[in-house]
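> So that you have it, the file is start28.pdb, and it contains PDB, C-alpha atoms:
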```pdb
ATOM      1  CA  MET L   1     -14.367   2.635 -20.369  1.00  0.00           C
ATOM      2  CA  GLU L   2     -14.181   0.513 -17.228  1.00  0.00           C
ATOM      3  CA  LEU L   3     -10.782   0.076 -15.588  1.00  0.00           C
ATOM      4  CA  SER L   4      -9.556  -2.933 -13.622  1.00  0.00           C
ATOM      5  CA  LYS L   5      -9.357  -2.617  -9.838  1.00  0.00           C
ATOM      6  CA  ARG L   6      -5.592  -2.096 -10.117  1.00  0.00           C
ATOM      7  CA  LEU L   7      -5.850   0.667 -12.706  1.00  0.00           C
ATOM      8  CA  SER L   8      -8.753   2.233 -10.812  1.00  0.00           C
ATOM      9  CA  ALA L   9      -6.485   2.472  -7.754  1.00  0.00           C
ATOM     10  CA  VAL L  10      -3.816   4.072  -9.929  1.00  0.00           C
ATOM     11  CA  ALA L  11      -6.279   6.559 -11.442  1.00  0.00           C
ATOM     12  CA  ALA L  12      -7.583   7.505  -7.985  1.00  0.00           C
ATOM     13  CA  MET L  13      -4.167   8.907  -7.069  1.00  0.00           C
ATOM     14  CA  ALA L  14      -4.049  11.322 -10.023  1.00  0.00           C
ATOM     15  CA  GLU L  15      -4.673  14.934  -9.052  1.00  0.00           C
ATOM     16  CA  PRO L  16      -7.154  16.994 -11.118  1.00  0.00           C
ATOM     17  CA  GLY L  17      -5.599  19.375 -13.586  1.00  0.00           C
ATOM     18  CA  ASP L  18      -2.268  17.570 -13.928  1.00  0.00           C
ATOM     19  CA  ARG L  19      -0.862  16.547 -17.292  1.00  0.00           C
ATOM     20  CA  MET L  20      -0.035  12.853 -16.978  1.00  0.00           C
ATOM     21  CA  ALA L  21       2.696  10.784 -18.606  1.00  0.00           C
ATOM     22  CA  ASP L  22       1.977   7.045 -18.714  1.00  0.00           C
ATOM     23  CA  ILE L  23       5.242   5.103 -18.946  1.00  0.00           C
ATOM     24  CA  GLY L  24       4.599   1.681 -20.465  1.00  0.00           C
ATOM     25  CA  THR L  25       1.036   2.551 -21.477  1.00  0.00           C
ATOM     26  CA  ASP L  26       0.243  -0.799 -23.147  1.00  0.00           C
ATOM     27  CA  HIS L  27      -3.403  -0.466 -24.304  1.00  0.00           C
ATOM     28  CA  GLY L  28      -3.655   3.217 -23.345  1.00  0.00           C
ATOM     29  CA  PHE L  29      -6.726   2.716 -21.137  1.00  0.00           C
ATOM     30  CA  LEU L  30      -5.381   4.726 -18.199  1.00  0.00           C
ATOM     31  CA  PRO L  31      -4.623   8.010 -20.021  1.00  0.00           C
ATOM     32  CA  ILE L  32      -7.888   7.666 -21.949  1.00  0.00           C
ATOM     33  CA  PHE L  33      -9.808   7.306 -18.679  1.00  0.00           C
ATOM     34  CA  LEU L  34      -8.032  10.248 -17.026  1.00  0.00           C
ATOM     35  CA  VAL L  35      -8.704  12.553 -19.964  1.00  0.00           C
ATOM     36  CA  ARG L  36     -12.298  11.428 -20.541  1.00  0.00           C
ATOM     37  CA  GLN L  37     -13.123  11.910 -16.856  1.00  0.00           C
ATOM     38  CA  GLY L  38     -11.692  15.417 -16.944  1.00  0.00           C
ATOM     39  CA  ILE L  39      -8.998  14.550 -14.378  1.00  0.00           C
ATOM     40  CA  SER L  40      -6.116  15.242 -16.770  1.00  0.00           C
ATOM     41  CA  PRO L  41      -6.386  17.950 -19.437  1.00  0.00           C
ATOM     42  CA  SER L  42      -3.907  16.009 -21.576  1.00  0.00           C
ATOM     43  CA  ALA L  43      -1.616  13.007 -21.447  1.00  0.00           C
ATOM     44  CA  ILE L  44       1.465  11.526 -23.048  1.00  0.00           C
ATOM     45  CA  ALA L  45       1.243   7.751 -23.500  1.00  0.00           C
ATOM     46  CA  MET L  46       4.578   6.025 -24.070  1.00  0.00           C
ATOM     47  CA  ASP L  47       5.712   2.457 -24.632  1.00  0.00           C
ATOM     48  CA  VAL L  48       8.874   0.772 -25.829  1.00  0.00           C
ATOM     49  CA  GLY L  49       6.968  -1.680 -28.052  1.00  0.00           C
ATOM     50  CA  ASP L  50       5.360  -0.984 -31.421  1.00  0.00           C
ATOM     51  CA  GLY L  51       2.503  -3.418 -30.736  1.00  0.00           C
ATOM     52  CA  PRO L  52       1.306  -1.740 -27.531  1.00  0.00           C
ATOM     53  CA  LEU L  53       1.589   1.685 -29.145  1.00  0.00           C
ATOM     54  CA  GLU L  54      -0.568   0.608 -32.081  1.00  0.00           C
ATOM     55  CA  ARG L  55      -3.196  -0.778 -29.699  1.00  0.00           C
ATOM     56  CA  ALA L  56      -3.141   2.435 -27.706  1.00  0.00           C
ATOM     57  CA  ARG L  57      -3.343   4.531 -30.867  1.00  0.00           C
ATOM     58  CA  THR L  58      -6.402   2.574 -32.011  1.00  0.00           C
ATOM     59  CA  HIS L  59      -8.135   3.092 -28.666  1.00  0.00           C
ATOM     60  CA  VAL L  60      -7.277   6.803 -28.569  1.00  0.00           C
ATOM     61  CA  ARG L  61      -8.660   7.222 -32.094  1.00  0.00           C
ATOM     62  CA  GLU L  62     -11.852   5.332 -31.204  1.00  0.00           C
ATOM     63  CA  GLN L  63     -12.413   7.758 -28.305  1.00  0.00           C
ATOM     64  CA  GLY L  64     -11.701  10.805 -30.458  1.00  0.00           C
ATOM     65  CA  LEU L  65      -8.889  11.987 -28.187  1.00  0.00           C
ATOM     66  CA  GLU L  66      -6.065  12.415 -30.705  1.00  0.00           C
ATOM     67  CA  ASP L  67      -5.827  16.118 -29.834  1.00  0.00           C
ATOM     68  CA  LYS L  68      -5.381  15.434 -26.107  1.00  0.00           C
ATOM     69  CA  ILE L  69      -3.331  12.240 -25.908  1.00  0.00           C
ATOM     70  CA  VAL L  70       0.090  12.113 -27.582  1.00  0.00           C
ATOM     71  CA  LEU L  71       1.655   8.700 -28.217  1.00  0.00           C
ATOM     72  CA  ARG L  72       5.423   8.209 -28.276  1.00  0.00           C
ATOM     73  CA  LYS L  73       7.770   5.282 -28.596  1.00  0.00           C
ATOM     74  CA  SER L  74      10.094   5.477 -25.615  1.00  0.00           C
ATOM     75  CA  ASP L  75      12.197   3.339 -23.319  1.00  0.00           C
ATOM     76  CA  GLY L  76      11.149   4.776 -19.987  1.00  0.00           C
ATOM     77  CA  PHE L  77      11.463   8.559 -19.772  1.00  0.00           C
ATOM     78  CA  HIS L  78      13.873   8.923 -22.688  1.00  0.00           C
ATOM     79  CA  ALA L  79      11.303  10.626 -24.954  1.00  0.00           C
ATOM     80  CA  LEU L  80       9.879  12.887 -22.236  1.00  0.00           C
ATOM     81  CA  ALA L  81      11.518  16.240 -21.532  1.00  0.00           C
ATOM     82  CA  PRO L  82      11.279  18.039 -18.189  1.00  0.00           C
ATOM     83  CA  GLY L  83       8.206  20.284 -18.129  1.00  0.00           C
ATOM     84  CA  GLU L  84       6.119  18.267 -20.597  1.00  0.00           C
ATOM     85  CA  ALA L  85       4.126  16.537 -17.843  1.00  0.00           C
ATOM     86  CA  ASP L  86       3.180  17.316 -14.254  1.00  0.00           C
ATOM     87  CA  ALA L  87       3.150  13.720 -13.034  1.00  0.00           C
ATOM     88  CA  ALA L  88       3.876  10.207 -14.274  1.00  0.00           C
ATOM     89  CA  VAL L  89       2.515   6.705 -13.878  1.00  0.00           C
ATOM     90  CA  ILE L  90       4.611   3.557 -14.079  1.00  0.00           C
ATOM     91  CA  ALA L  91       2.584   0.385 -13.602  1.00  0.00           C
ATOM     92  CA  GLY L  92       2.530  -3.226 -14.690  1.00  0.00           C
ATOM     93  CA  MET L  93       6.245  -3.999 -14.676  1.00  0.00           C
ATOM     94  CA  GLY L  94       8.736  -5.596 -12.309  1.00  0.00           C
ATOM     95  CA  GLY L  95      10.459  -3.671  -9.543  1.00  0.00           C
ATOM     96  CA  PRO L  96      14.014  -3.871 -10.949  1.00  0.00           C
ATOM     97  CA  LEU L  97      12.889  -2.532 -14.341  1.00  0.00           C
ATOM     98  CA  MET L  98      10.965   0.255 -12.626  1.00  0.00           C
ATOM     99  CA  VAL L  99      14.030   1.265 -10.613  1.00  0.00           C
ATOM    100  CA  ARG L 100      16.142   1.322 -13.791  1.00  0.00           C
ATOM    101  CA  ILE L 101      13.597   3.527 -15.548  1.00  0.00           C
ATOM    102  CA  LEU L 102      13.489   5.936 -12.609  1.00  0.00           C
ATOM    103  CA  GLU L 103      17.268   6.133 -12.367  1.00  0.00           C
ATOM    104  CA  GLU L 104      17.856   6.591 -16.094  1.00  0.00           C
ATOM    105  CA  GLY L 105      15.137   9.247 -16.278  1.00  0.00           C
ATOM    106  CA  ARG L 106      16.241  11.013 -13.100  1.00  0.00           C
ATOM    107  CA  ARG L 107      16.456  14.498 -14.646  1.00  0.00           C
ATOM    108  CA  THR L 108      12.871  14.332 -15.921  1.00  0.00           C
ATOM    109  CA  VAL L 109      11.562  12.473 -12.862  1.00  0.00           C
ATOM    110  CA  GLU L 110      12.828  15.173 -10.509  1.00  0.00           C
ATOM    111  CA  SER L 111      10.889  17.799 -12.484  1.00  0.00           C
ATOM    112  CA  LEU L 112       7.565  16.050 -11.797  1.00  0.00           C
ATOM    113  CA  ARG L 113       5.208  16.901  -8.949  1.00  0.00           C
ATOM    114  CA  TYR L 114       4.686  13.245  -8.115  1.00  0.00           C
ATOM    115  CA  LEU L 115       4.908   9.641  -9.302  1.00  0.00           C
ATOM    116  CA  ILE L 116       2.255   6.913  -9.178  1.00  0.00           C
ATOM    117  CA  LEU L 117       3.929   3.508  -9.122  1.00  0.00           C
ATOM    118  CA  SER L 118       2.556  -0.027  -9.114  1.00  0.00           C
ATOM    119  CA  PRO L 119       5.387  -2.570  -9.330  1.00  0.00           C
ATOM    120  CA  GLN L 120       4.470  -6.191  -9.954  1.00  0.00           C
ATOM    121  CA  SER L 121       7.459  -7.655  -8.118  1.00  0.00           C
ATOM    122  CA  GLU L 122      10.158  -6.727  -5.576  1.00  0.00           C
ATOM    123  CA  ILE L 123       8.061  -3.919  -4.141  1.00  0.00           C
ATOM    124  CA  PRO L 124      10.390  -3.370  -1.139  1.00  0.00           C
ATOM    125  CA  ALA L 125      13.246  -2.643  -3.556  1.00  0.00           C
ATOM    126  CA  VAL L 126      11.184   0.125  -5.173  1.00  0.00           C
ATOM    127  CA  ARG L 127      10.383   1.637  -1.779  1.00  0.00           C
ATOM    128  CA  ARG L 128      14.055   1.515  -0.778  1.00  0.00           C
ATOM    129  CA  TYR L 129      15.099   3.213  -4.002  1.00  0.00           C
ATOM    130  CA  LEU L 130      12.593   6.028  -3.507  1.00  0.00           C
ATOM    131  CA  LEU L 131      13.411   6.583   0.155  1.00  0.00           C
ATOM    132  CA  ARG L 132      17.163   6.610  -0.449  1.00  0.00           C
ATOM    133  CA  ASN L 133      17.060   8.828  -3.507  1.00  0.00           C
ATOM    134  CA  GLY L 134      15.227  11.929  -2.377  1.00  0.00           C
ATOM    135  CA  PHE L 135      11.576  10.861  -2.594  1.00  0.00           C
ATOM    136  CA  ALA L 136       8.853  10.723   0.046  1.00  0.00           C
ATOM    137  CA  ILE L 137       6.185   8.017  -0.221  1.00  0.00           C
ATOM    138  CA  ARG L 138       3.007   9.904   0.653  1.00  0.00           C
ATOM    139  CA  THR L 139       0.367   7.194   0.449  1.00  0.00           C
ATOM    140  CA  GLU L 140      -0.207   3.627  -0.669  1.00  0.00           C
ATOM    141  CA  GLU L 141      -3.182   1.533  -1.700  1.00  0.00           C
ATOM    142  CA  MET L 142      -3.524  -2.236  -1.993  1.00  0.00           C
ATOM    143  CA  VAL L 143      -6.109  -4.134  -4.026  1.00  0.00           C
ATOM    144  CA  LEU L 144      -6.973  -7.728  -4.826  1.00  0.00           C
ATOM    145  CA  ASP L 145      -7.668  -7.960  -8.544  1.00  0.00           C
ATOM    146  CA  GLU L 146      -8.563 -11.295 -10.155  1.00  0.00           C
ATOM    147  CA  GLY L 147      -6.765 -13.281  -7.474  1.00  0.00           C
ATOM    148  CA  LYS L 148      -3.589 -11.172  -7.425  1.00  0.00           C
ATOM    149  CA  TYR L 149      -2.468  -8.578  -4.891  1.00  0.00           C
ATOM    150  CA  TYR L 150      -1.304  -5.203  -6.199  1.00  0.00           C
ATOM    151  CA  THR L 151       0.260  -2.261  -4.388  1.00  0.00           C
ATOM    152  CA  VAL L 152       0.022   1.308  -5.673  1.00  0.00           C
ATOM    153  CA  MET L 153       2.143   4.079  -4.179  1.00  0.00           C
ATOM    154  CA  LYS L 154       2.356   7.832  -4.620  1.00  0.00           C
ATOM    155  CA  ALA L 155       5.746   9.473  -4.159  1.00  0.00           C
ATOM    156  CA  ARG L 156       6.947  13.058  -4.363  1.00  0.00           C
ATOM    157  CA  PRO L 157      10.440  14.496  -4.758  1.00  0.00           C
ATOM    158  CA  GLY L 158      11.679  15.697  -1.366  1.00  0.00           C
ATOM    159  CA  LYS L 159      12.152  13.560   1.720  1.00  0.00           C
ATOM    160  CA  GLY L 160      10.136  15.790   4.034  1.00  0.00           C
ATOM    161  CA  THR L 161      10.458  15.460   7.788  1.00  0.00           C
ATOM    162  CA  GLU L 162       9.287  11.896   8.340  1.00  0.00           C
ATOM    163  CA  VAL L 163      11.440   9.575  10.444  1.00  0.00           C
ATOM    164  CA  PRO L 164      13.398   6.828   8.653  1.00  0.00           C
ATOM    165  CA  TRP L 165      11.447   3.733   7.672  1.00  0.00           C
ATOM    166  CA  SER L 166      12.074   0.403   9.390  1.00  0.00           C
ATOM    167  CA  ARG L 167      12.752  -2.719   7.354  1.00  0.00           C
ATOM    168  CA  ILE L 168       9.234  -3.993   8.073  1.00  0.00           C
ATOM    169  CA  GLU L 169       7.807  -0.726   6.736  1.00  0.00           C
ATOM    170  CA  GLU L 170       9.941  -1.000   3.617  1.00  0.00           C
ATOM    171  CA  ARG L 171       8.670  -4.526   3.106  1.00  0.00           C
ATOM    172  CA  TYR L 172       4.947  -3.884   3.580  1.00  0.00           C
ATOM    173  CA  GLY L 173       4.420  -0.109   3.392  1.00  0.00           C
ATOM    174  CA  ARG L 174       4.222   2.382   6.251  1.00  0.00           C
ATOM    175  CA  SER L 175       0.752   3.770   5.560  1.00  0.00           C
ATOM    176  CA  LEU L 176      -0.691   0.303   4.834  1.00  0.00           C
ATOM    177  CA  LEU L 177       0.594  -0.919   8.202  1.00  0.00           C
ATOM    178  CA  ARG L 178      -0.501   2.169  10.129  1.00  0.00           C
ATOM    179  CA  GLU L 179      -4.069   2.004   8.843  1.00  0.00           C
ATOM    180  CA  ALA L 180      -4.207  -1.813   9.126  1.00  0.00           C
ATOM    181  CA  HIS L 181      -5.305  -1.891   5.496  1.00  0.00           C
ATOM    182  CA  PRO L 182      -7.830  -4.724   5.091  1.00  0.00           C
ATOM    183  CA  VAL L 183      -6.264  -6.057   1.888  1.00  0.00           C
ATOM    184  CA  LEU L 184      -2.795  -6.053   3.461  1.00  0.00           C
ATOM    185  CA  LEU L 185      -4.246  -7.867   6.465  1.00  0.00           C
ATOM    186  CA  GLN L 186      -5.784 -10.478   4.165  1.00  0.00           C
ATOM    187  CA  TYR L 187      -2.485 -10.838   2.300  1.00  0.00           C
ATOM    188  CA  LEU L 188      -0.464 -11.235   5.509  1.00  0.00           C
ATOM    189  CA  ARG L 189      -2.760 -13.916   6.880  1.00  0.00           C
ATOM    190  CA  LYS L 190      -2.542 -15.836   3.623  1.00  0.00           C
ATOM    191  CA  GLU L 191       1.234 -15.353   3.541  1.00  0.00           C
ATOM    192  CA  ARG L 192       1.578 -16.660   7.106  1.00  0.00           C
ATOM    193  CA  GLU L 193      -0.432 -19.759   6.214  1.00  0.00           C
ATOM    194  CA  THR L 194       1.582 -20.396   3.043  1.00  0.00           C
ATOM    195  CA  LEU L 195       4.964 -19.871   4.699  1.00  0.00           C
ATOM    196  CA  SER L 196       4.046 -22.018   7.717  1.00  0.00           C
ATOM    197  CA  ALA L 197       3.090 -24.907   5.440  1.00  0.00           C
ATOM    198  CA  LEU L 198       6.275 -24.479   3.414  1.00  0.00           C
ATOM    199  CA  ARG L 199       8.341 -24.415   6.604  1.00  0.00           C
ATOM    200  CA  GLU L 200       6.892 -27.771   7.678  1.00  0.00           C
ATOM    201  CA  ARG L 201       7.685 -29.332   4.295  1.00  0.00           C
ATOM    202  CA  LEU L 202      11.256 -28.063   4.402  1.00  0.00           C
ATOM    203  CA  LEU L 203      11.743 -29.363   7.944  1.00  0.00           C
ATOM    204  CA  SER L 204      10.601 -32.800   6.816  1.00  0.00           C
ATOM    205  CA  ALA L 205      12.873 -32.821   3.763  1.00  0.00           C
ATOM    206  CA  GLY L 206      16.102 -32.621   5.775  1.00  0.00           C
ATOM    207  CA  THR L 207      18.384 -31.923   2.780  1.00  0.00           C
ATOM    208  CA  ASP L 208      21.109 -29.262   2.631  1.00  0.00           C
ATOM    209  CA  ARG L 209      19.158 -27.378  -0.005  1.00  0.00           C
ATOM    210  CA  ALA L 210      16.001 -27.527   2.128  1.00  0.00           C
ATOM    211  CA  ARG L 211      17.879 -26.234   5.184  1.00  0.00           C
ATOM    212  CA  GLU L 212      19.222 -23.320   3.182  1.00  0.00           C
ATOM    213  CA  ARG L 213      15.737 -22.434   1.928  1.00  0.00           C
ATOM    214  CA  LEU L 214      14.331 -22.955   5.427  1.00  0.00           C
ATOM    215  CA  SER L 215      16.409 -20.099   6.815  1.00  0.00           C
ATOM    216  CA  GLN L 216      14.944 -17.683   4.274  1.00  0.00           C
ATOM    217  CA  VAL L 217      11.386 -18.915   4.811  1.00  0.00           C
ATOM    218  CA  GLU L 218      11.670 -18.512   8.582  1.00  0.00           C
ATOM    219  CA  ARG L 219      12.848 -14.901   8.164  1.00  0.00           C
ATOM    220  CA  GLU L 220       9.932 -14.179   5.828  1.00  0.00           C
ATOM    221  CA  LEU L 221       7.506 -15.831   8.251  1.00  0.00           C
ATOM    222  CA  LEU L 222       8.834 -13.750  11.138  1.00  0.00           C
ATOM    223  CA  ASP L 223       8.391 -10.575   9.090  1.00  0.00           C
ATOM    224  CA  ALA L 224       4.801 -11.502   8.216  1.00  0.00           C
ATOM    225  CA  GLU L 225       4.003 -12.248  11.858  1.00  0.00           C
ATOM    226  CA  GLU L 226       5.477  -8.942  13.051  1.00  0.00           C
ATOM    227  CA  ALA L 227       3.506  -7.063  10.392  1.00  0.00           C
ATOM    228  CA  LEU L 228       0.339  -8.845  11.515  1.00  0.00           C
ATOM    229  CA  LYS L 229       0.996  -7.775  15.106  1.00  0.00           C
ATOM    230  CA  ILE L 230       1.121  -4.172  13.935  1.00  0.00           C
ATOM    231  CA  CYS L 231      -2.050  -4.468  11.853  1.00  0.00           C
ATOM    232  CA  GLU L 232      -3.947  -6.325  14.562  1.00  0.00           C
ATOM    233  CA  GLY L 233      -2.898  -3.881  17.259  1.00  0.00           C
ATOM    234  CA  GLY L 234      -0.500  -6.123  19.129  1.00  0.00           C
ATOM    235  CA  GLU L 235       2.554  -3.966  18.491  1.00  0.00           C
ATOM    236  CA  ASP L 236       3.067  -0.236  18.171  1.00  0.00           C
ATOM    237  CA  ILE L 237       4.675   0.562  14.823  1.00  0.00           C
ATOM    238  CA  ASP L 238       6.823   3.247  16.485  1.00  0.00           C
ATOM    239  CA  VAL L 239       8.223   0.649  18.914  1.00  0.00           C
ATOM    240  CA  LEU L 240       9.149  -1.511  15.961  1.00  0.00           C
ATOM    241  CA  GLN L 241      10.700   1.394  14.070  1.00  0.00           C
ATOM    242  CA  GLY L 242      14.163  -0.128  14.197  1.00  0.00           C
ATOM    243  CA  TYR L 243      13.017  -3.748  14.064  1.00  0.00           C
ATOM    244  CA  ARG L 244      15.811  -5.829  12.578  1.00  0.00           C
ATOM    245  CA  GLY L 245      16.913  -2.704  10.761  1.00  0.00           C
ATOM    246  CA  MET L 246      20.513  -3.854  10.498  1.00  0.00           C
ATOM    247  CA  VAL L 247      19.698  -7.326   9.149  1.00  0.00           C
TER     248      VAL L 247
END
```
Translate the structure of the given file into structure tokens.

Amino acid sequence: MELSKRLSAVAAMAEPGDRMADIGTDHGFLPIFLVRQGISPSAIAMDVGDGPLERARTHVREQGLEDKIVLRKSDGFHALAPGEADAAVIAGMGGPLMVRILEEGRRTVESLRYLILSPQSEIPAVRRYLLRNGFAIRTEEMVLDEGKYYTVMKARPGKGTEVPWSRIEERYGRSLLREAHPVLLQYLRKERETLSALRERLLSAGTDRARERLSQVERELLDAEEALKICEGGEDIDVLQGYRGMV
């Protein structure tokens, strides 16, 4: 079974020997891959919808893995008790929904060794939630999959000893910035081009609504340019640690 680039990046963060819970499993491809590759000895695949669960059940049956992959109907972590899994994956959903699932399942989440998260929107909000609620983001990966950019992060309970993140780090990811990740660099250059063009259009419009949007676009453009300076070696990330941190 071949995974997409996004799911391959997710699977690469799983640690051998850990029982995995897949929250919002959809087709069940990820837990099937982890078990078939011998990465996870077992998995619990959960979804809130009957349709996705039936698809996952069909795929699990086709692979002959009914004894190793348990399927459950669950809204987030509600059907998972502490101790039933070593780690969990949440991927393919928006940031606000992911934060709700993490908060509502806090008791179970805090019993896990780590989380693998891949939000599809409002990624900075997910980072902020983790950093302000007792989690340390250990690593991140970024991939371009069928024309879309995806971020995958691995977080563990326990803040550790790392210094507080700046707002730019929360927006783009500390490890991605530090290593000048090539996909992040590509994304930032594209973002700068898109925002610059939008800024010119808004300046030409001259309406109250355009001026209001212009202020937001200029802030986003400044953030992208500062992140590019870090990635391209023009700024030291430690110097920018407090960059616009109070804004």
> Between L:Gly28, L:Val217, L:Lys229, L:Val143, which one has atoms that come closest to Glu193 (chain L), using all atoms listed in the file?
L:Val217
> Would you mind telling me which residue in L:Val48, L:Leu185, L:Ile90, L:Val10 lies nearest to Asp75 (chain L) when using only C-alpha atoms?
L:Val48
> Give me the residues near Tyr172 (chain L) as a PyMOL selection string, where near means some atom within 10 Å (using only C-alpha atoms) and where sequence neighbours in that chain fewer than 6 positions away do not count.
chain L and resi 123-124+127+151+184+188+223-224+227
> Name the closest residue to Leu117 (chain L) among the candidates L:Gly95, L:Ala11, L:Val89, L:Gly105; distances are taken between atoms, counting all atoms listed in the file.
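Smallest separation from Leu117 (chain L) among the options: L:Val89.
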> Rank nothing, just name the residue among L:Glu15, L:Glu169, L:Asp145, L:Glu62 nearest to Tyr114 (chain L), using only C-alpha atoms.
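Result for the nearest residue to Tyr114 (chain L): L:Glu15.
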> Could you give me, as a VMD selection string, the residues within 9 Å of region 131-139 of chain L, counting all atoms listed in the file and dropping anything in the same chain fewer than 3 positions from it?
chain L and resid 13 126 to 128 152 to 160 162 164 to 165 173 to 176
> With C-alpha atoms kept, could you save the residues just selected as an mmCIF file, in the coordinates of the input?

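part-v4.cif written:
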```cif
data_model
loop_
_atom_site.group_PDB
_atom_site.id
_atom_site.type_symbol
_atom_site.label_atom_id
_atom_site.label_comp_id
_atom_site.auth_asym_id
_atom_site.auth_seq_id
_atom_site.Cartn_x
_atom_site.Cartn_y
_atom_site.Cartn_z
ATOM 1 C CA MET L 13 -4.167 8.907 -7.069
ATOM 2 C CA VAL L 126 11.184 0.125 -5.173
ATOM 3 C CA ARG L 127 10.383 1.637 -1.779
ATOM 4 C CA ARG L 128 14.055 1.515 -0.778
ATOM 5 C CA VAL L 152 0.022 1.308 -5.673
ATOM 6 C CA MET L 153 2.143 4.079 -4.179
ATOM 7 C CA LYS L 154 2.356 7.832 -4.620
ATOM 8 C CA ALA L 155 5.746 9.473 -4.159
ATOM 9 C CA ARG L 156 6.947 13.058 -4.363
ATOM 10 C CA PRO L 157 10.440 14.496 -4.758
ATOM 11 C CA GLY L 158 11.679 15.697 -1.366
ATOM 12 C CA LYS L 159 12.152 13.560 1.720
ATOM 13 C CA GLY L 160 10.136 15.790 4.034
ATOM 14 C CA GLU L 162 9.287 11.896 8.340
ATOM 15 C CA PRO L 164 13.398 6.828 8.653
ATOM 16 C CA TRP L 165 11.447 3.733 7.672
ATOM 17 C CA GLY L 173 4.420 -0.109 3.392
ATOM 18 C CA ARG L 174 4.222 2.382 6.251
ATOM 19 C CA SER L 175 0.752 3.770 5.560
ATOM 20 C CA LEU L 176 -0.691 0.303 4.834
#
```
> For Glu232 (chain L), which residue among L:Gly92, L:Gly206, L:Pro31, L:Pro182 is the nearest when counting all atoms listed in the file?
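Of L:Gly92, L:Gly206, L:Pro31, L:Pro182, the one nearest Glu232 (chain L) is L:Pro182, counting all atoms listed in the file.
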> Evaluate the PyMOL selection byres ((chain L and resi 93) around 8) and record the selected residues as a list in words, following the chain and residue labels used in the document.
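The output of the PyMOL selection byres ((chain L and resi 93) around 8) on this file is Ile90, Ala91, Gly92, Gly94, Gly95, Leu97, Met98, Ser118, Pro119, Gln120 and Ser121 of chain L.
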> For the provided coordinates, the residues matched by the PyMOL selection byres ((chain L and resi 29) around 8) should be stated as a list in words.
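So the PyMOL selection byres ((chain L and resi 29) around 8), applied here, picks out Met1, Leu3, Thr25, His27, Gly28, Leu30, Pro31, Ile32, Phe33, Ala56 and His59 of chain L.
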> Contacts of Glu212 (chain L) at 12 Å or less, counting all atoms listed in the file, minus same-chain residues fewer than 6 places along, as number ranges by chain?
L: 199, 202-203, 205-206, 218-219
> Which residues come within 10 Å of Arg201 (chain L), counting all atoms listed in the file, excluding same-chain residues fewer than 5 positions away, as a PyMOL selection string?
chain L and resi 195-196+206+210+214
> Taking only C-alpha atoms into account, name the residue in L:Asp22, L:Glu200, L:Glu225, L:Glu170 that is nearest to Arg213 (chain L).
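Ranking L:Asp22, L:Glu200, L:Glu225, L:Glu170 by distance to Arg213 (chain L), first place goes to L:Glu200.
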> Starting from the displayed file, determine the output of the PyMOL selection byres ((chain L and resi 81) around 10) and express the residue list as an NGL selection string.
:L and (77-80 or 82-85 or 105 or 107-109 or 111)
> Would you compute the distance between CA of Leu130 (chain L) and CA of His181 (chain L)? Give it in Å to one decimal.
21.5 Å
> Considering only C-alpha atoms, give me a table of residues in region 66-100 of chain L that are at most 12 Å from region 52-55 of chain L, with the closest atom pair and distance in Å for each, as CSV.

```
residue,atom,partner,partner_atom,distance
L:Val70,CA,L:Leu53,CA,10.7
L:Leu71,CA,L:Leu53,CA,7.1
L:Arg72,CA,L:Leu53,CA,7.6
L:Lys73,CA,L:Leu53,CA,7.2
L:Ser74,CA,L:Leu53,CA,10.0
```
